[in-house]
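Have a look at final-v1.txt below; it lists compact mmCIF, N, CA and C atoms.
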# COMPACT_ATOMS: atom_id res chain seq x y z
N MET A 1 0.83 -1.19 0.00
CA MET A 1 0.00 0.00 0.00
C MET A 1 0.88 1.26 0.00
N ASP A 2 1.93 1.25 0.82
CA ASP A 2 2.83 2.39 0.88
C ASP A 2 3.52 2.59 -0.46
N ASP A 3 3.86 1.47 -1.14
CA ASP A 3 4.48 1.56 -2.46
C ASP A 3 3.53 2.19 -3.46
N GLU A 4 2.22 1.85 -3.35
CA GLU A 4 1.23 2.43 -4.26
C GLU A 4 1.13 3.93 -4.04
N ARG A 5 1.14 4.37 -2.80
CA ARG A 5 1.07 5.80 -2.51
C ARG A 5 2.30 6.52 -3.04
N LYS A 6 3.45 5.90 -2.84
CA LYS A 6 4.69 6.51 -3.32
C LYS A 6 4.66 6.63 -4.84
N SER A 7 4.25 5.57 -5.51
CA SER A 7 4.22 5.63 -6.96
C SER A 7 3.16 6.62 -7.44
N ALA A 8 2.03 6.70 -6.73
CA ALA A 8 1.01 7.69 -7.10
C ALA A 8 1.55 9.10 -6.93
N GLY A 9 2.30 9.33 -5.85
CA GLY A 9 2.92 10.64 -5.63
C GLY A 9 3.93 10.97 -6.71
N GLU A 10 4.72 9.97 -7.08
CA GLU A 10 5.70 10.18 -8.15
C GLU A 10 5.00 10.47 -9.47
N ILE A 11 3.93 9.74 -9.75
CA ILE A 11 3.17 9.98 -10.99
C ILE A 11 2.61 11.40 -10.99
N PHE A 12 2.05 11.81 -9.84
CA PHE A 12 1.50 13.16 -9.75
C PHE A 12 2.57 14.22 -10.01
N GLU A 13 3.72 14.06 -9.38
CA GLU A 13 4.81 15.02 -9.58
C GLU A 13 5.25 15.06 -11.04
N ARG A 14 5.35 13.89 -11.64
CA ARG A 14 5.76 13.81 -13.05
C ARG A 14 4.74 14.52 -13.94
N LEU A 15 3.45 14.24 -13.70
CA LEU A 15 2.41 14.85 -14.52
C LEU A 15 2.32 16.35 -14.31
N ALA A 16 2.49 16.80 -13.06
CA ALA A 16 2.42 18.25 -12.78
C ALA A 16 3.52 18.98 -13.54
N GLY A 17 4.73 18.46 -13.51
CA GLY A 17 5.83 19.09 -14.24
C GLY A 17 5.63 19.00 -15.74
N LEU A 18 5.14 17.86 -16.19
CA LEU A 18 4.94 17.64 -17.62
C LEU A 18 3.87 18.58 -18.17
N TYR A 19 2.81 18.83 -17.40
CA TYR A 19 1.75 19.72 -17.87
C TYR A 19 2.29 21.12 -18.15
N GLN A 20 3.19 21.56 -17.28
CA GLN A 20 3.74 22.91 -17.45
C GLN A 20 4.73 22.97 -18.61
N GLN A 21 5.47 21.88 -18.83
CA GLN A 21 6.50 21.89 -19.88
C GLN A 21 5.97 21.51 -21.25
N ASP A 22 5.12 20.48 -21.32
CA ASP A 22 4.68 19.94 -22.60
C ASP A 22 3.24 19.42 -22.47
N PRO A 23 2.23 20.30 -22.64
CA PRO A 23 0.84 19.88 -22.45
C PRO A 23 0.41 18.73 -23.35
N GLU A 24 0.94 18.65 -24.56
CA GLU A 24 0.57 17.54 -25.46
C GLU A 24 1.09 16.21 -24.94
N GLU A 25 2.30 16.19 -24.44
CA GLU A 25 2.86 14.97 -23.85
C GLU A 25 2.10 14.60 -22.57
N PHE A 26 1.70 15.63 -21.82
CA PHE A 26 0.89 15.40 -20.62
C PHE A 26 -0.39 14.65 -20.98
N GLU A 27 -1.07 15.09 -22.03
CA GLU A 27 -2.30 14.43 -22.47
C GLU A 27 -2.04 12.99 -22.86
N ARG A 28 -0.98 12.75 -23.61
CA ARG A 28 -0.65 11.40 -24.04
C ARG A 28 -0.36 10.48 -22.85
N VAL A 29 0.46 10.97 -21.91
CA VAL A 29 0.84 10.16 -20.75
C VAL A 29 -0.36 9.92 -19.84
N SER A 30 -1.15 10.96 -19.60
CA SER A 30 -2.30 10.79 -18.70
C SER A 30 -3.33 9.83 -19.30
N LYS A 31 -3.56 9.90 -20.61
CA LYS A 31 -4.49 8.96 -21.24
C LYS A 31 -3.96 7.52 -21.16
N ALA A 32 -2.65 7.37 -21.31
CA ALA A 32 -2.04 6.03 -21.20
C ALA A 32 -2.20 5.48 -19.78
N LEU A 33 -2.02 6.34 -18.77
CA LEU A 33 -2.20 5.91 -17.38
C LEU A 33 -3.65 5.51 -17.10
N ILE A 34 -4.59 6.28 -17.63
CA ILE A 34 -6.00 5.96 -17.45
C ILE A 34 -6.32 4.62 -18.12
N ARG A 35 -5.85 4.46 -19.34
CA ARG A 35 -6.08 3.20 -20.07
C ARG A 35 -5.48 2.02 -19.31
N GLU A 36 -4.29 2.20 -18.76
CA GLU A 36 -3.63 1.14 -17.99
C GLU A 36 -4.46 0.78 -16.75
N ALA A 37 -4.98 1.79 -16.07
CA ALA A 37 -5.80 1.53 -14.88
C ALA A 37 -7.09 0.81 -15.26
N LEU A 38 -7.72 1.22 -16.36
CA LEU A 38 -8.96 0.57 -16.79
C LEU A 38 -8.71 -0.87 -17.24
N ASP A 39 -7.57 -1.11 -17.86
CA ASP A 39 -7.23 -2.46 -18.29
C ASP A 39 -6.99 -3.40 -17.12
N LYS A 40 -6.67 -2.86 -15.95
CA LYS A 40 -6.46 -3.68 -14.76
C LYS A 40 -7.77 -4.10 -14.10
N LEU A 41 -8.88 -3.48 -14.51
CA LEU A 41 -10.18 -3.86 -13.93
C LEU A 41 -10.52 -5.29 -14.32
N PRO A 42 -11.31 -5.97 -13.48
CA PRO A 42 -11.79 -7.30 -13.87
C PRO A 42 -12.58 -7.21 -15.18
N GLN A 43 -12.51 -8.23 -15.98
CA GLN A 43 -13.12 -8.24 -17.31
C GLN A 43 -14.58 -7.80 -17.28
N GLU A 44 -15.34 -8.27 -16.28
CA GLU A 44 -16.77 -7.95 -16.24
C GLU A 44 -17.05 -6.49 -15.88
N GLN A 45 -16.06 -5.75 -15.41
CA GLN A 45 -16.24 -4.33 -15.07
C GLN A 45 -15.55 -3.39 -16.06
N ARG A 46 -14.75 -3.94 -16.93
CA ARG A 46 -13.93 -3.12 -17.83
C ARG A 46 -14.75 -2.25 -18.77
N ALA A 47 -15.77 -2.81 -19.40
CA ALA A 47 -16.58 -2.04 -20.35
C ALA A 47 -17.27 -0.88 -19.64
N ARG A 48 -17.76 -1.15 -18.44
CA ARG A 48 -18.41 -0.08 -17.67
C ARG A 48 -17.41 1.02 -17.31
N GLY A 49 -16.19 0.61 -16.96
CA GLY A 49 -15.15 1.58 -16.64
C GLY A 49 -14.81 2.47 -17.82
N TYR A 50 -14.66 1.85 -19.00
CA TYR A 50 -14.39 2.63 -20.21
C TYR A 50 -15.56 3.56 -20.54
N GLY A 51 -16.78 3.08 -20.34
CA GLY A 51 -17.95 3.92 -20.60
C GLY A 51 -18.01 5.12 -19.66
N LEU A 52 -17.71 4.89 -18.40
CA LEU A 52 -17.68 5.97 -17.42
C LEU A 52 -16.60 6.99 -17.78
N GLN A 53 -15.44 6.51 -18.18
CA GLN A 53 -14.36 7.41 -18.57
C GLN A 53 -14.76 8.26 -19.77
N MET A 54 -15.45 7.65 -20.74
CA MET A 54 -15.91 8.41 -21.91
C MET A 54 -16.90 9.50 -21.50
N ARG A 55 -17.80 9.19 -20.58
CA ARG A 55 -18.77 10.20 -20.12
C ARG A 55 -18.07 11.34 -19.40
N ILE A 56 -17.07 11.01 -18.59
CA ILE A 56 -16.33 12.05 -17.88
C ILE A 56 -15.59 12.94 -18.87
N GLU A 57 -14.90 12.33 -19.83
CA GLU A 57 -14.18 13.12 -20.84
C GLU A 57 -15.13 14.01 -21.63
N HIS A 58 -16.31 13.51 -21.93
CA HIS A 58 -17.30 14.30 -22.66
C HIS A 58 -17.73 15.51 -21.83
N ARG A 59 -17.94 15.33 -20.54
CA ARG A 59 -18.34 16.44 -19.67
C ARG A 59 -17.22 17.46 -19.52
N LEU A 60 -15.97 17.00 -19.57
CA LEU A 60 -14.84 17.91 -19.36
C LEU A 60 -14.36 18.59 -20.63
N ARG A 61 -14.80 18.10 -21.79
CA ARG A 61 -14.32 18.61 -23.07
C ARG A 61 -14.44 20.14 -23.22
N PRO A 62 -15.55 20.77 -22.79
CA PRO A 62 -15.64 22.22 -22.99
C PRO A 62 -14.68 23.05 -22.14
N PHE A 63 -14.10 22.45 -21.11
CA PHE A 63 -13.27 23.19 -20.16
C PHE A 63 -11.80 23.00 -20.49
N LYS A 64 -11.13 24.07 -20.86
CA LYS A 64 -9.71 24.00 -21.22
C LYS A 64 -8.82 24.39 -20.03
N ASP A 65 -9.32 25.25 -19.18
CA ASP A 65 -8.57 25.71 -18.01
C ASP A 65 -8.55 24.61 -16.95
N PRO A 66 -7.37 24.28 -16.40
CA PRO A 66 -7.30 23.19 -15.41
C PRO A 66 -8.19 23.41 -14.18
N VAL A 67 -8.31 24.65 -13.73
CA VAL A 67 -9.15 24.93 -12.56
C VAL A 67 -10.62 24.69 -12.90
N ALA A 68 -11.04 25.11 -14.09
CA ALA A 68 -12.43 24.89 -14.51
C ALA A 68 -12.70 23.39 -14.66
N ARG A 69 -11.74 22.65 -15.18
CA ARG A 69 -11.89 21.19 -15.30
C ARG A 69 -12.02 20.54 -13.92
N MET A 70 -11.19 20.99 -12.99
CA MET A 70 -11.24 20.44 -11.64
C MET A 70 -12.60 20.75 -11.00
N ASN A 71 -13.09 21.97 -11.19
CA ASN A 71 -14.40 22.34 -10.64
C ASN A 71 -15.51 21.47 -11.23
N GLU A 72 -15.44 21.18 -12.52
CA GLU A 72 -16.45 20.32 -13.14
C GLU A 72 -16.33 18.89 -12.61
N MET A 73 -15.11 18.43 -12.36
CA MET A 73 -14.94 17.09 -11.78
C MET A 73 -15.55 17.03 -10.38
N ILE A 74 -15.45 18.12 -9.63
CA ILE A 74 -16.07 18.18 -8.30
C ILE A 74 -17.58 18.11 -8.44
N VAL A 75 -18.14 18.82 -9.42
CA VAL A 75 -19.59 18.76 -9.67
C VAL A 75 -20.01 17.33 -10.00
N ILE A 76 -19.25 16.67 -10.87
CA ILE A 76 -19.55 15.28 -11.24
C ILE A 76 -19.52 14.39 -10.00
N PHE A 77 -18.49 14.57 -9.18
CA PHE A 77 -18.37 13.77 -7.96
C PHE A 77 -19.59 13.94 -7.07
N TRP A 78 -20.00 15.18 -6.79
CA TRP A 78 -21.12 15.41 -5.88
C TRP A 78 -22.44 14.95 -6.48
N GLU A 79 -22.61 15.07 -7.79
CA GLU A 79 -23.83 14.53 -8.42
C GLU A 79 -23.94 13.02 -8.18
N ASN A 80 -22.84 12.33 -8.40
CA ASN A 80 -22.86 10.89 -8.23
C ASN A 80 -22.91 10.48 -6.76
N PHE A 81 -22.32 11.25 -5.89
CA PHE A 81 -22.42 10.99 -4.46
C PHE A 81 -23.87 11.13 -4.01
N TYR A 82 -24.55 12.15 -4.51
CA TYR A 82 -25.97 12.35 -4.17
C TYR A 82 -26.80 11.15 -4.65
N LYS A 83 -26.55 10.68 -5.88
CA LYS A 83 -27.28 9.51 -6.39
C LYS A 83 -27.02 8.29 -5.51
N PHE A 84 -25.76 8.09 -5.14
CA PHE A 84 -25.39 6.97 -4.28
C PHE A 84 -26.10 7.07 -2.93
N GLN A 85 -26.12 8.27 -2.37
CA GLN A 85 -26.78 8.50 -1.09
C GLN A 85 -28.28 8.21 -1.18
N GLN A 86 -28.90 8.60 -2.29
CA GLN A 86 -30.33 8.33 -2.47
C GLN A 86 -30.59 6.83 -2.53
N ILE A 87 -29.73 6.09 -3.20
CA ILE A 87 -29.89 4.64 -3.29
C ILE A 87 -29.73 4.00 -1.92
N LEU A 88 -28.75 4.47 -1.14
CA LEU A 88 -28.55 3.92 0.20
C LEU A 88 -29.74 4.21 1.11
N ASN A 89 -30.26 5.43 1.02
CA ASN A 89 -31.35 5.84 1.91
C ASN A 89 -32.71 5.33 1.45
N HIS A 90 -32.90 5.12 0.16
CA HIS A 90 -34.19 4.69 -0.39
C HIS A 90 -33.97 3.60 -1.43
N PRO A 91 -33.50 2.43 -1.02
CA PRO A 91 -33.19 1.38 -2.00
C PRO A 91 -34.41 0.90 -2.77
N GLY A 92 -35.59 0.95 -2.16
CA GLY A 92 -36.80 0.53 -2.86
C GLY A 92 -37.11 1.39 -4.06
N ARG A 93 -36.87 2.67 -3.95
CA ARG A 93 -37.11 3.57 -5.09
C ARG A 93 -36.18 3.25 -6.25
N ALA A 94 -34.94 2.95 -5.93
CA ALA A 94 -33.96 2.66 -6.99
C ALA A 94 -34.29 1.36 -7.69
N VAL A 95 -34.74 0.36 -6.94
CA VAL A 95 -35.03 -0.94 -7.52
C VAL A 95 -36.35 -0.94 -8.27
N ASN A 96 -37.35 -0.24 -7.74
CA ASN A 96 -38.70 -0.28 -8.30
C ASN A 96 -39.04 0.86 -9.24
N ARG A 97 -38.10 1.71 -9.55
CA ARG A 97 -38.46 2.85 -10.41
C ARG A 97 -38.77 2.35 -11.82
N LYS A 98 -39.78 2.97 -12.39
CA LYS A 98 -40.20 2.59 -13.74
C LYS A 98 -39.55 3.52 -14.74
N LYS A 99 -39.33 3.00 -15.90
CA LYS A 99 -38.80 3.80 -16.99
C LYS A 99 -39.91 4.72 -17.51
N ALA A 100 -39.52 5.89 -17.99
CA ALA A 100 -40.48 6.82 -18.55
C ALA A 100 -41.09 6.24 -19.81
N GLY A 101 -42.33 6.56 -20.05
CA GLY A 101 -42.99 6.07 -21.26
C GLY A 101 -43.84 4.86 -20.96
N SER A 102 -44.55 4.41 -21.94
CA SER A 102 -45.41 3.25 -21.76
C SER A 102 -44.80 2.05 -22.49
N SER A 103 -45.42 0.91 -22.26
CA SER A 103 -44.91 -0.27 -22.93
C SER A 103 -45.18 -0.15 -24.43
N ALA A 104 -44.34 -0.77 -25.19
CA ALA A 104 -44.44 -0.66 -26.64
C ALA A 104 -44.99 -1.96 -27.22
N LYS A 105 -45.69 -1.82 -28.31
CA LYS A 105 -46.18 -2.98 -29.04
C LYS A 105 -45.39 -3.06 -30.34
N ILE A 106 -44.84 -4.21 -30.60
CA ILE A 106 -44.05 -4.39 -31.82
C ILE A 106 -44.97 -4.81 -32.94
N ILE A 107 -44.93 -4.04 -34.00
CA ILE A 107 -45.77 -4.33 -35.17
C ILE A 107 -44.85 -4.84 -36.28
N PRO A 108 -45.10 -6.05 -36.77
CA PRO A 108 -44.23 -6.58 -37.83
C PRO A 108 -44.47 -5.82 -39.14
N ILE A 109 -43.42 -5.58 -39.83
CA ILE A 109 -43.52 -4.91 -41.14
C ILE A 109 -43.35 -6.00 -42.21
N THR A 110 -44.34 -6.13 -43.01
CA THR A 110 -44.26 -7.14 -44.08
C THR A 110 -44.01 -6.46 -45.40
N ARG A 111 -43.31 -7.14 -46.24
CA ARG A 111 -42.96 -6.60 -47.55
C ARG A 111 -43.95 -7.13 -48.57
N LYS A 112 -44.48 -6.23 -49.34
CA LYS A 112 -45.40 -6.65 -50.43
C LYS A 112 -44.57 -7.06 -51.64
N ASN A 113 -44.96 -8.12 -52.26
CA ASN A 113 -44.26 -8.55 -53.46
C ASN A 113 -44.79 -7.78 -54.66
N THR A 114 -44.10 -6.75 -55.01
CA THR A 114 -44.50 -5.96 -56.18
C THR A 114 -43.35 -5.95 -57.17
N LEU A 115 -43.68 -6.12 -58.39
CA LEU A 115 -42.68 -6.06 -59.44
C LEU A 115 -42.87 -4.78 -60.23
N HIS A 116 -41.79 -4.13 -60.51
CA HIS A 116 -41.86 -2.90 -61.31
C HIS A 116 -41.40 -3.15 -62.68

Show the structure stored in the file as structure tokens.
Amino acid sequence: MDDERKSAGEIFERLAGLYQQDPEEFERVSKALIREALDKLPQEQRARGYGLQMRIEHRLRPFKDPVARMNEMIVIFWENFYKFQQILNHPGRAVNRKKAGSSAKIIPITRKNTLH
């Protein structure tokens, strides 16, 4: 555990310096680190992890300033914390909630044999 903290601290220091010196290299290295972390997830959770990462990147795309990006990440965190808290406090609502809309009836489409 201590080794993980040390390596995380070293990674942070490396990325902080890299961002100031070469922002393009920072993006490449940070994306590689994220991909590496997602690849370490168990197979059954990997697709969900990649999907979550894509949603986060989509939300952060409009923000170019690092402070604005950090603020948006805090907003994302608290939104999801609130959802988690609601599930913990009211699990029946989360399990029994219905999807919007009504049930659908599937109507088969048949092709008429017409010759032109």

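Neighbours of Asp65 (chain A) closer than or equal to 12 Å, with only C-alpha atoms counted and sequence neighbours fewer than 6 positions away skipped, come out as A:Tyr19, A:Pro23, A:Asn71, A:Glu72.
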
Return as an MDAnalysis selection string the full set of residues in chain A whose backbone-based DSSP assignment is helix (DSSP H, G or I). chainID A and resid 2:21 23:39 43:60 66:89 91:96

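Of note, CA of Ser7 (chain A) and CA of Asp39 (chain A) are spaced 18.0 Å apart.
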
d(CA of Gln21 (chain A), CA of Leu60 (chain A)) in Å: 21.7 Å

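When atom C of Gly17 (chain A) is paired with CA of Ile34 (chain A), their separation reads 17.6 Å.
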